[in-house]
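Asker: Contents of run.cif (mmCIF, C-alpha atoms):
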```cif
data_final
#
loop_
_atom_site.label_atom_id
_atom_site.label_comp_id
_atom_site.auth_asym_id
_atom_site.auth_seq_id
_atom_site.Cartn_x
_atom_site.Cartn_y
_atom_site.Cartn_z
CA MET A 4 3.05 12.53 27.79
CA ASP A 5 1.66 14.91 25.20
CA PHE A 6 3.43 15.86 22.00
CA SER A 7 5.08 19.02 23.32
CA GLN A 8 6.48 17.04 26.27
CA LEU A 9 7.70 14.38 23.85
CA LEU A 10 9.49 17.02 21.78
CA GLU A 11 11.35 18.11 24.90
CA LYS A 12 12.14 14.55 25.93
CA ARG A 13 13.60 13.53 22.55
CA ARG A 14 17.20 14.57 23.01
CA SER A 15 20.27 13.23 21.26
CA ILE A 16 21.67 10.80 23.84
CA ARG A 17 25.32 9.78 23.89
CA ARG A 18 25.67 8.33 27.42
CA PHE A 19 23.79 5.18 28.22
CA LEU A 20 23.17 2.97 31.24
CA ASP A 21 24.80 -0.45 31.06
CA LYS A 22 21.45 -2.11 30.35
CA ASP A 23 20.44 -3.98 27.23
CA VAL A 24 17.34 -3.07 25.23
CA SER A 25 15.09 -6.07 24.69
CA LEU A 26 14.59 -7.20 21.13
CA GLU A 27 10.83 -7.00 21.68
CA LEU A 28 11.09 -3.31 22.51
CA VAL A 29 13.32 -2.64 19.48
CA MET A 30 10.73 -4.32 17.28
CA GLU A 31 7.92 -2.19 18.74
CA ILE A 32 9.91 0.94 17.93
CA ILE A 33 10.59 -0.31 14.40
CA GLN A 34 6.84 -0.93 13.98
CA ASP A 35 6.25 2.74 14.89
CA ALA A 36 9.00 3.84 12.49
CA CYS A 37 7.13 2.09 9.68
CA MET A 38 4.17 4.43 10.25
CA ALA A 39 6.21 7.28 8.74
CA PRO A 40 5.11 8.77 5.44
CA SER A 41 7.21 8.01 2.37
CA ALA A 42 7.29 9.10 -1.26
CA VAL A 43 4.34 7.49 -3.07
CA ASN A 44 3.91 5.34 0.06
CA GLY A 45 6.90 3.29 -1.06
CA GLN A 46 7.88 2.30 2.52
CA PRO A 47 11.35 1.42 1.20
CA TRP A 48 13.03 1.21 4.61
CA GLU A 49 14.95 -1.83 5.78
CA PHE A 50 16.28 -2.41 9.28
CA ILE A 51 19.33 -4.12 10.72
CA VAL A 52 19.32 -4.58 14.49
CA ILE A 53 22.67 -5.05 16.22
CA ARG A 54 22.71 -5.77 19.94
CA ASN A 55 26.23 -7.19 19.96
CA ARG A 56 28.75 -4.72 21.37
CA PRO A 57 31.88 -6.25 19.79
CA LEU A 58 30.23 -6.02 16.36
CA ILE A 59 29.13 -2.44 17.02
CA LYS A 60 32.75 -1.63 17.94
CA ARG A 61 34.02 -3.24 14.71
CA LEU A 62 31.52 -1.18 12.70
CA SER A 63 32.74 1.97 14.45
CA ASP A 64 36.38 1.15 13.62
CA GLU A 65 35.43 0.42 9.98
CA SER A 66 33.49 3.65 9.56
CA LYS A 67 36.31 5.68 11.15
CA ALA A 68 38.94 4.06 8.89
CA ASN A 69 36.87 4.74 5.78
CA LEU A 70 36.26 8.36 6.77
CA ILE A 71 39.96 8.92 7.45
CA ALA A 72 40.80 7.42 4.05
CA GLU A 73 38.23 9.79 2.49
CA ILE A 74 39.76 12.79 4.31
CA GLU A 75 43.25 11.81 3.10
CA LYS A 76 41.95 11.54 -0.47
CA ASN A 77 39.83 14.68 -0.34
CA PRO A 78 40.79 17.22 2.34
CA ASP A 79 37.68 19.29 1.48
CA CYS A 80 35.18 16.56 2.30
CA PRO A 81 32.57 17.23 5.03
CA ALA A 82 34.17 14.67 7.39
CA VAL A 83 37.34 16.73 7.75
CA LYS A 84 35.94 18.64 10.72
CA TYR A 85 35.82 15.37 12.67
CA GLU A 86 39.37 14.35 11.85
CA SER A 87 40.76 14.59 15.37
CA ILE A 88 38.08 12.41 16.99
CA LEU A 89 38.21 9.97 14.07
CA ARG A 90 41.93 9.52 14.73
CA ASP A 91 41.31 8.91 18.44
CA ALA A 92 41.54 5.12 18.85
CA ASP A 93 39.36 5.24 21.98
CA PHE A 94 36.50 7.07 20.30
CA ASN A 95 33.55 4.83 19.42
CA VAL A 96 31.31 6.65 16.94
CA PHE A 97 28.38 4.71 18.43
CA TYR A 98 29.20 5.90 21.98
CA ASN A 99 29.27 2.33 23.37
CA ALA A 100 25.49 2.12 23.02
CA PRO A 101 24.01 -1.31 23.71
CA CYS A 102 22.02 -1.32 20.48
CA LEU A 103 22.49 0.01 16.98
CA VAL A 104 19.74 0.05 14.37
CA LEU A 105 20.78 0.70 10.78
CA ILE A 106 18.00 2.10 8.60
CA ALA A 107 18.77 1.33 4.97
CA GLY A 108 17.06 0.86 1.62
CA PRO A 109 17.53 0.43 -2.13
CA ARG A 110 20.52 2.56 -3.09
CA ASP A 111 19.08 3.54 -6.47
CA LEU A 112 15.83 4.94 -5.05
CA HIS A 113 15.57 8.68 -5.71
CA SER A 114 13.77 9.38 -2.42
CA LEU A 115 15.80 7.02 -0.22
CA GLU A 116 17.50 9.62 2.01
CA VAL A 117 14.29 11.45 2.73
CA ASP A 118 12.20 8.31 3.24
CA CYS A 119 14.72 6.84 5.68
CA ALA A 120 15.06 10.17 7.49
CA LEU A 121 11.30 10.16 8.08
CA ALA A 122 11.44 6.60 9.43
CA ALA A 123 14.41 7.57 11.63
CA CYS A 124 12.43 10.55 12.94
CA TYR A 125 9.53 8.32 13.94
CA PHE A 126 11.99 5.82 15.41
CA MET A 127 13.64 8.45 17.60
CA LEU A 128 10.32 9.86 18.85
CA SER A 129 8.90 6.39 19.54
CA ALA A 130 12.02 5.51 21.52
CA ALA A 131 11.78 8.72 23.55
CA GLU A 132 8.13 7.98 24.25
CA ARG A 133 9.24 4.66 25.77
CA GLY A 134 11.94 6.24 27.95
CA LEU A 135 14.80 5.29 25.63
CA GLY A 136 17.47 7.51 24.16
CA THR A 137 18.72 7.69 20.58
CA CYS A 138 21.18 9.52 18.44
CA TRP A 139 21.51 9.46 14.64
CA ILE A 140 25.20 8.78 14.02
CA GLY A 141 26.05 10.28 10.65
CA LEU A 142 29.66 9.13 11.04
CA GLY A 143 28.57 5.51 11.34
CA ALA A 144 27.29 4.84 7.83
CA TYR A 145 30.62 4.18 6.08
CA ILE A 146 30.77 0.39 6.05
CA SER A 147 32.43 -1.19 3.03
CA ASP A 148 34.43 -4.22 4.27
CA PRO A 149 32.74 -7.24 2.63
CA ILE A 150 33.14 -9.29 5.82
CA LEU A 151 31.25 -6.68 7.84
CA ILE A 152 28.68 -6.12 5.09
CA ASP A 153 28.01 -9.85 5.26
CA ALA A 154 27.95 -9.83 9.08
CA ILE A 155 25.17 -7.21 9.09
CA GLY A 156 23.25 -8.76 6.18
CA LEU A 157 23.26 -5.67 3.96
CA PRO A 158 22.56 -6.57 0.31
CA ASP A 159 24.68 -5.01 -2.46
CA SER A 160 21.57 -3.20 -3.66
CA SER A 161 21.03 -1.40 -0.33
CA ALA A 162 22.67 1.61 1.28
CA ILE A 163 22.74 2.62 4.93
CA VAL A 164 21.10 6.02 5.45
CA ALA A 165 20.50 6.32 9.19
CA PRO A 166 22.57 4.55 11.82
CA VAL A 167 20.68 5.18 15.07
CA ILE A 168 21.99 4.18 18.49
CA LEU A 169 19.50 3.13 21.13
CA GLY A 170 19.71 2.59 24.85
CA TYR A 171 18.56 3.71 28.27
CA PRO A 172 19.90 7.21 28.86
CA GLU A 173 22.09 7.98 31.85
CA THR A 174 20.24 11.28 31.97
CA VAL A 175 18.01 13.23 29.60
CA PRO A 176 19.67 16.63 29.34
CA PRO A 177 17.44 19.71 29.27
CA VAL A 178 16.58 21.23 25.90
CA PRO A 179 19.31 23.64 24.87
CA ALA A 180 18.24 26.97 23.43
CA ARG A 181 17.12 26.64 19.83
CA ASN A 182 17.70 29.20 17.15
CA LEU A 183 14.68 31.31 16.35
CA PRO A 184 12.87 29.97 13.27
CA LYS A 185 14.28 31.50 10.11
CA ILE A 186 11.22 32.68 8.22
CA LEU A 187 12.31 33.81 4.76
CA LYS A 188 8.94 35.19 3.78
CA VAL A 189 5.23 35.11 4.57
CA VAL A 190 2.85 35.68 1.68
CA SER A 191 -0.76 35.98 2.89
CA MET B 30 -3.67 12.12 22.49
CA ASP B 31 -0.73 9.80 23.12
CA PHE B 32 2.01 9.08 20.62
CA SER B 33 0.46 5.92 19.15
CA GLN B 34 -2.80 7.82 18.58
CA LEU B 35 -0.83 10.62 16.96
CA LEU B 36 0.87 8.14 14.61
CA GLU B 37 -2.57 6.99 13.48
CA LYS B 38 -3.87 10.51 13.11
CA ARG B 39 -0.96 11.73 10.96
CA ARG B 40 -2.23 10.83 7.52
CA SER B 41 -1.29 12.36 4.19
CA ILE B 42 -4.20 14.73 3.55
CA ARG B 43 -5.14 15.89 0.06
CA ARG B 44 -8.69 17.17 0.64
CA PHE B 45 -9.16 20.21 2.79
CA LEU B 46 -12.03 22.24 4.20
CA ASP B 47 -12.39 25.72 2.75
CA LYS B 48 -10.99 27.28 5.92
CA ASP B 49 -7.81 29.26 6.28
CA VAL B 50 -5.10 28.34 8.77
CA SER B 51 -4.17 31.27 11.00
CA LEU B 52 -0.64 32.54 10.71
CA GLU B 53 -0.29 32.19 14.47
CA LEU B 54 -1.00 28.45 14.22
CA VAL B 55 1.44 28.03 11.33
CA MET B 56 4.12 29.72 13.42
CA GLU B 57 3.43 27.42 16.38
CA ILE B 58 3.88 24.41 14.11
CA ILE B 59 7.10 25.85 12.70
CA GLN B 60 8.37 26.33 16.27
CA ASP B 61 7.76 22.62 16.88
CA ALA B 62 9.49 21.74 13.61
CA CYS B 63 12.58 23.57 14.85
CA MET B 64 12.81 21.08 17.75
CA ALA B 65 13.91 18.40 15.27
CA PRO B 66 17.42 17.03 15.51
CA SER B 67 19.89 18.01 12.79
CA ALA B 68 23.43 17.11 11.83
CA VAL B 69 25.85 18.69 14.34
CA ASN B 70 22.81 20.65 15.60
CA GLY B 71 23.11 22.90 12.54
CA GLN B 72 19.37 23.74 12.44
CA PRO B 73 19.81 24.82 8.82
CA TRP B 74 16.11 24.91 7.99
CA GLU B 75 14.41 27.97 6.52
CA PHE B 76 10.67 28.43 6.09
CA ILE B 77 8.50 30.18 3.53
CA VAL B 78 4.82 30.46 4.44
CA ILE B 79 2.34 30.98 1.60
CA ARG B 80 -1.32 31.52 2.47
CA ASN B 81 -2.19 33.05 -0.87
CA ARG B 82 -4.06 30.61 -3.12
CA PRO B 83 -3.33 32.33 -6.45
CA LEU B 84 0.41 32.22 -5.67
CA ILE B 85 0.17 28.57 -4.61
CA LYS B 86 -1.53 27.86 -7.95
CA ARG B 87 1.25 29.68 -9.86
CA LEU B 88 3.86 27.62 -7.98
CA SER B 89 1.99 24.46 -8.93
CA ASP B 90 1.92 25.45 -12.61
CA GLU B 91 5.63 26.31 -12.49
CA SER B 92 6.64 23.04 -10.86
CA LYS B 93 4.52 21.05 -13.35
CA ALA B 94 6.03 22.87 -16.33
CA ASN B 95 9.58 22.26 -15.06
CA LEU B 96 8.90 18.59 -14.42
CA ILE B 97 7.40 18.14 -17.89
CA ALA B 98 10.46 19.83 -19.40
CA GLU B 99 12.65 17.43 -17.39
CA ILE B 100 10.66 14.41 -18.60
CA GLU B 101 11.00 15.59 -22.21
CA LYS B 102 14.75 15.99 -21.75
CA ASN B 103 15.25 12.76 -19.82
CA PRO B 104 12.49 10.15 -20.25
CA ASP B 105 14.13 7.99 -17.56
CA CYS B 106 13.81 10.59 -14.80
CA PRO B 107 11.80 9.68 -11.68
CA ALA B 108 9.02 12.17 -12.56
CA VAL B 109 8.02 10.21 -15.65
CA LYS B 110 5.55 8.12 -13.70
CA TYR B 111 3.55 11.28 -12.97
CA GLU B 112 3.48 12.48 -16.57
CA SER B 113 -0.25 12.12 -17.13
CA ILE B 114 -1.27 14.10 -14.04
CA LEU B 115 1.42 16.69 -14.71
CA ARG B 116 -0.10 17.25 -18.16
CA ASP B 117 -3.59 17.66 -16.66
CA ALA B 118 -4.20 21.43 -16.61
CA ASP B 119 -6.73 21.06 -13.78
CA PHE B 120 -4.34 19.22 -11.48
CA ASN B 121 -2.91 21.38 -8.71
CA VAL B 122 0.09 19.59 -7.21
CA PHE B 123 -0.75 21.34 -3.93
CA TYR B 124 -4.34 20.00 -3.95
CA ASN B 125 -5.84 23.49 -3.52
CA ALA B 126 -4.63 23.57 0.07
CA PRO B 127 -5.11 26.92 1.86
CA CYS B 128 -1.51 27.02 3.04
CA LEU B 129 1.84 25.88 1.70
CA VAL B 130 5.02 25.85 3.77
CA LEU B 131 8.30 25.43 1.91
CA ILE B 132 11.12 24.03 4.03
CA ALA B 133 14.43 25.00 2.49
CA GLY B 134 18.05 25.56 3.39
CA PRO B 135 21.59 26.20 2.11
CA ARG B 136 21.91 24.23 -1.12
CA ASP B 137 25.57 23.36 -0.55
CA LEU B 138 25.01 21.79 2.85
CA HIS B 139 25.85 18.07 2.77
CA SER B 140 23.09 17.14 5.24
CA LEU B 141 20.39 19.46 3.89
CA GLU B 142 17.92 16.84 2.63
CA VAL B 143 18.03 14.84 5.82
CA ASP B 144 17.91 17.87 8.12
CA CYS B 145 14.90 19.32 6.32
CA ALA B 146 13.18 15.91 6.24
CA LEU B 147 13.49 15.75 10.03
CA ALA B 148 12.01 19.24 10.37
CA ALA B 149 9.21 18.28 7.97
CA CYS B 150 8.51 15.16 10.03
CA TYR B 151 8.13 17.22 13.18
CA PHE B 152 6.03 19.75 11.26
CA MET B 153 3.62 17.07 10.04
CA LEU B 154 3.25 15.49 13.48
CA SER B 155 2.77 18.85 15.18
CA ALA B 156 0.07 19.76 12.66
CA ALA B 157 -1.72 16.44 13.21
CA GLU B 158 -1.57 17.00 16.95
CA ARG B 159 -3.44 20.28 16.37
CA GLY B 160 -6.11 18.70 14.18
CA LEU B 161 -4.57 19.87 10.91
CA GLY B 162 -3.67 17.83 7.87
CA THR B 163 -0.49 17.89 5.83
CA CYS B 164 1.11 16.25 2.84
CA TRP B 165 4.71 16.50 1.65
CA ILE B 166 4.44 17.36 -2.03
CA GLY B 167 7.57 16.06 -3.71
CA LEU B 168 6.31 17.33 -7.07
CA GLY B 169 6.13 20.89 -5.76
CA ALA B 170 9.82 21.69 -5.30
CA TYR B 171 10.71 22.56 -8.89
CA ILE B 172 10.56 26.36 -8.87
CA SER B 173 13.04 28.15 -11.10
CA ASP B 174 11.25 31.18 -12.59
CA PRO B 175 13.12 34.22 -11.18
CA ILE B 176 9.85 36.12 -10.74
CA LEU B 177 8.42 33.35 -8.58
CA ILE B 178 11.71 32.82 -6.74
CA ASP B 179 11.56 36.49 -5.87
CA ALA B 180 7.88 36.30 -4.92
CA ILE B 181 8.61 33.58 -2.37
CA GLY B 182 11.82 35.17 -1.09
CA LEU B 183 14.10 32.20 -1.77
CA PRO B 184 17.77 33.28 -1.88
CA ASP B 185 20.03 31.92 -4.64
CA SER B 186 22.00 30.06 -2.00
CA SER B 187 18.96 28.08 -0.80
CA ALA B 188 17.13 25.07 -2.17
CA ILE B 189 13.60 23.87 -1.44
CA VAL B 190 13.61 20.39 0.11
CA ALA B 191 10.13 19.88 1.53
CA PRO B 192 7.02 21.61 0.21
CA VAL B 193 4.32 20.74 2.77
CA ILE B 194 0.66 21.61 2.33
CA LEU B 195 -1.38 22.44 5.41
CA GLY B 196 -5.07 22.80 6.10
CA TYR B 197 -8.07 21.47 7.94
CA PRO B 198 -8.80 17.98 6.61
CA GLU B 199 -12.20 17.16 5.15
CA THR B 200 -11.75 13.79 6.82
CA VAL B 201 -8.85 11.89 8.33
CA PRO B 202 -8.85 8.57 6.51
CA PRO B 203 -8.14 5.41 8.51
CA VAL B 204 -4.62 4.04 8.48
CA PRO B 205 -4.15 1.77 5.48
CA ALA B 206 -2.39 -1.53 6.03
CA ARG B 207 1.36 -1.07 6.27
CA ASN B 208 3.93 -3.47 4.95
CA LEU B 209 5.49 -5.64 7.62
CA PRO B 210 8.85 -4.22 8.72
CA LYS B 211 11.64 -5.54 6.55
CA ILE B 212 14.25 -6.74 9.04
CA LEU B 213 17.40 -7.65 7.12
CA LYS B 214 19.20 -9.12 10.11
CA VAL B 215 19.28 -9.21 13.88
CA VAL B 216 22.67 -9.73 15.52
CA SER B 217 22.35 -10.23 19.27
#
```
I need this file expressed as structure tokens, please.
Answerer:
Amino acid sequence: MDFSQLLEKRRSIRRFLDKDVSLELVMEIIQDACMAPSAVNGQPWEFIVIRNRPLIKRLSDESKANLIAEIEKNPDCPAVKYESILRDADFNVFYNAPCLVLIAGPRDLHSLEVDCALAACYFMLSAAERGLGTCWIGLGAYISDPILIDAIGLPDSSAIVAPVILGYPETVPPVPARNLPKILKVVS
Amino acid sequence: MDFSQLLEKRRSIRRFLDKDVSLELVMEIIQDACMAPSAVNGQPWEFIVIRNRPLIKRLSDESKANLIAEIEKNPDCPAVKYESILRDADFNVFYNAPCLVLIAGPRDLHSLEVDCALAACYFMLSAAERGLGTCWIGLGAYISDPILIDAIGLPDSSAIVAPVILGYPETVPPVPARNLPKILKVVS
């Protein structure tokens, strides 16, 4: 598979086969993620691997509850456009995926969001290259219950940037039409 | 070239051959960048392509001056560790690259940093796949002079997230040793 084929194969996947992803494979993908560039080569990324569906479901419920509380406090927050699905008790923000990898890092690091996004990008491409599907779940990062924080081993000093679900896709949908690139200016 | 070879070939490049990159090639790489995932498929990225070395040098001088002003105002800011190179008149933050692509987007968008980081990741991999070298220049985003803002066509509503230099590498250095992945916890 060459790079242009890989770009077409990397789709956001939200429907998975009922098949676990081996820990060995997850670790290979994490190794690839660590090849990403980072600000001053800081490699600040940290990984939490969760292959336990009941725990993934609890994390979904926690993130939904925290987002709903945020919406009730601040009706202008970005999460408000998801309010109806967040209030749907049957909706699992992690789409019942068999594996969830949380990419995190030191919360005080200036470049943390960007560094972890680069690692997540490599992670998603590496997974696609191996026939796996992923989706970055922005709604899944809102974990604050101390019991759950302890269950996932997240230190106080770290923040979750990229929750990425991982599994074998039911199907890989075709690439939808993309917007044309928005070129603001060319100066030659 | 398969994906693992591509991961080894994508190095941060700071020394370039004196050879221009064709606009056609830059546009192909931007097309690939637009295949990146983004929050709710917003594709908010905007691109400014600068193949004019005197303008790139002016942008370098502007960004350096703004960072030095920031350091003088706030000696605890993250840029302080670059103070000596920023005060070096001969240092071009863009390493005299023949081409600079600024990846920007709506400054009020919650997910802007992450969305543009994903596009930059795809951009850097696509360039490597084509034998080109890139480096994300975090120090190059601090452009505020209205004359320069106008020269690069950046609207008031947009912010620069990822300045990426592009050119033909003098050499592609071997992959330096990476840190071992930091796995905080595995829950199976």
Asker: Pull out every residue of chain B that has at least one atom within 7 Å of chain A, counting only C-alpha atoms, and report them as a list in words.
Answerer: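 On the chain B side, the interface is Met30, Asp31, Leu36, Gln60, Cys63, Met64, Glu75, Phe76, Ile77, Val78, Ile79, Arg80, Asn81, Glu142, Val143, Ala146, Leu147, Cys150, Ile181, Gly182, Leu183, Pro210, Lys211, Ile212, Leu213, Lys214, Val215, Val216 and Ser217 of chain B.
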Asker: Considering all atoms listed in the file, return as a PyMOL selection string whatever protein or nucleic-acid residues lie within 8 Å of Ala156 (chain B), sequence-local ones (same chain, fewer than 6 positions apart) excluded.
Answerer: chain B and resi 58+162-163+195
Asker: Carefully work through the PyMOL selection byres ((chain B and resi 186) around 6) for this structure and note down the residues it includes, as a list in words.
Answerer: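 After applying the PyMOL selection byres ((chain B and resi 186) around 6), what remains is Pro135, Arg136, Pro184, Asp185 and Ser187 of chain B.
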Asker: Can you list, as a list in words, the residues that the PyMOL selection byres ((chain B and resi 97) around 12) selects here?
Answerer: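 Applying the PyMOL selection byres ((chain B and resi 97) around 12) to the structure shown produces Asp90, Glu91, Ser92, Lys93, Ala94, Asn95, Leu96, Ala98, Glu99, Ile100, Glu101, Lys102, Asn103, Pro104, Cys106, Pro107, Ala108, Val109, Lys110, Tyr111, Glu112, Ser113, Ile114, Leu115, Arg116, Asp117, Leu168 and Tyr171 of chain B.
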Asker: Store the residues picked out above in a file with C-alpha atoms, as a JSON list (two decimals), keeping the file's coordinate frame.
Answerer:
```json
[["chain", "number", "residue", "atom", "x", "y", "z"],
["B", 90, "ASP", "CA", 1.92, 25.45, -12.61],
["B", 91, "GLU", "CA", 5.63, 26.31, -12.49],
["B", 92, "SER", "CA", 6.64, 23.04, -10.86],
["B", 93, "LYS", "CA", 4.52, 21.05, -13.35],
["B", 94, "ALA", "CA", 6.03, 22.87, -16.33],
["B", 95, "ASN", "CA", 9.58, 22.26, -15.06],
["B", 96, "LEU", "CA", 8.90, 18.59, -14.42],
["B", 98, "ALA", "CA", 10.46, 19.83, -19.40],
["B", 99, "GLU", "CA", 12.65, 17.43, -17.39],
["B", 100, "ILE", "CA", 10.66, 14.41, -18.60],
["B", 101, "GLU", "CA", 11.00, 15.59, -22.21],
["B", 102, "LYS", "CA", 14.75, 15.99, -21.75],
["B", 103, "ASN", "CA", 15.25, 12.76, -19.82],
["B", 104, "PRO", "CA", 12.49, 10.15, -20.25],
["B", 106, "CYS", "CA", 13.81, 10.59, -14.80],
["B", 107, "PRO", "CA", 11.80, 9.68, -11.68],
["B", 108, "ALA", "CA", 9.02, 12.17, -12.56],
["B", 109, "VAL", "CA", 8.02, 10.21, -15.65],
["B", 110, "LYS", "CA", 5.55, 8.12, -13.70],
["B", 111, "TYR", "CA", 3.55, 11.28, -12.97],
["B", 112, "GLU", "CA", 3.48, 12.48, -16.57],
["B", 113, "SER", "CA", -0.25, 12.12, -17.13],
["B", 114, "ILE", "CA", -1.27, 14.10, -14.04],
["B", 115, "LEU", "CA", 1.42, 16.69, -14.71],
["B", 116, "ARG", "CA", -0.10, 17.25, -18.16],
["B", 117, "ASP", "CA", -3.59, 17.66, -16.66],
["B", 168, "LEU", "CA", 6.31, 17.33, -7.07],
["B", 171, "TYR", "CA", 10.71, 22.56, -8.89]]
```
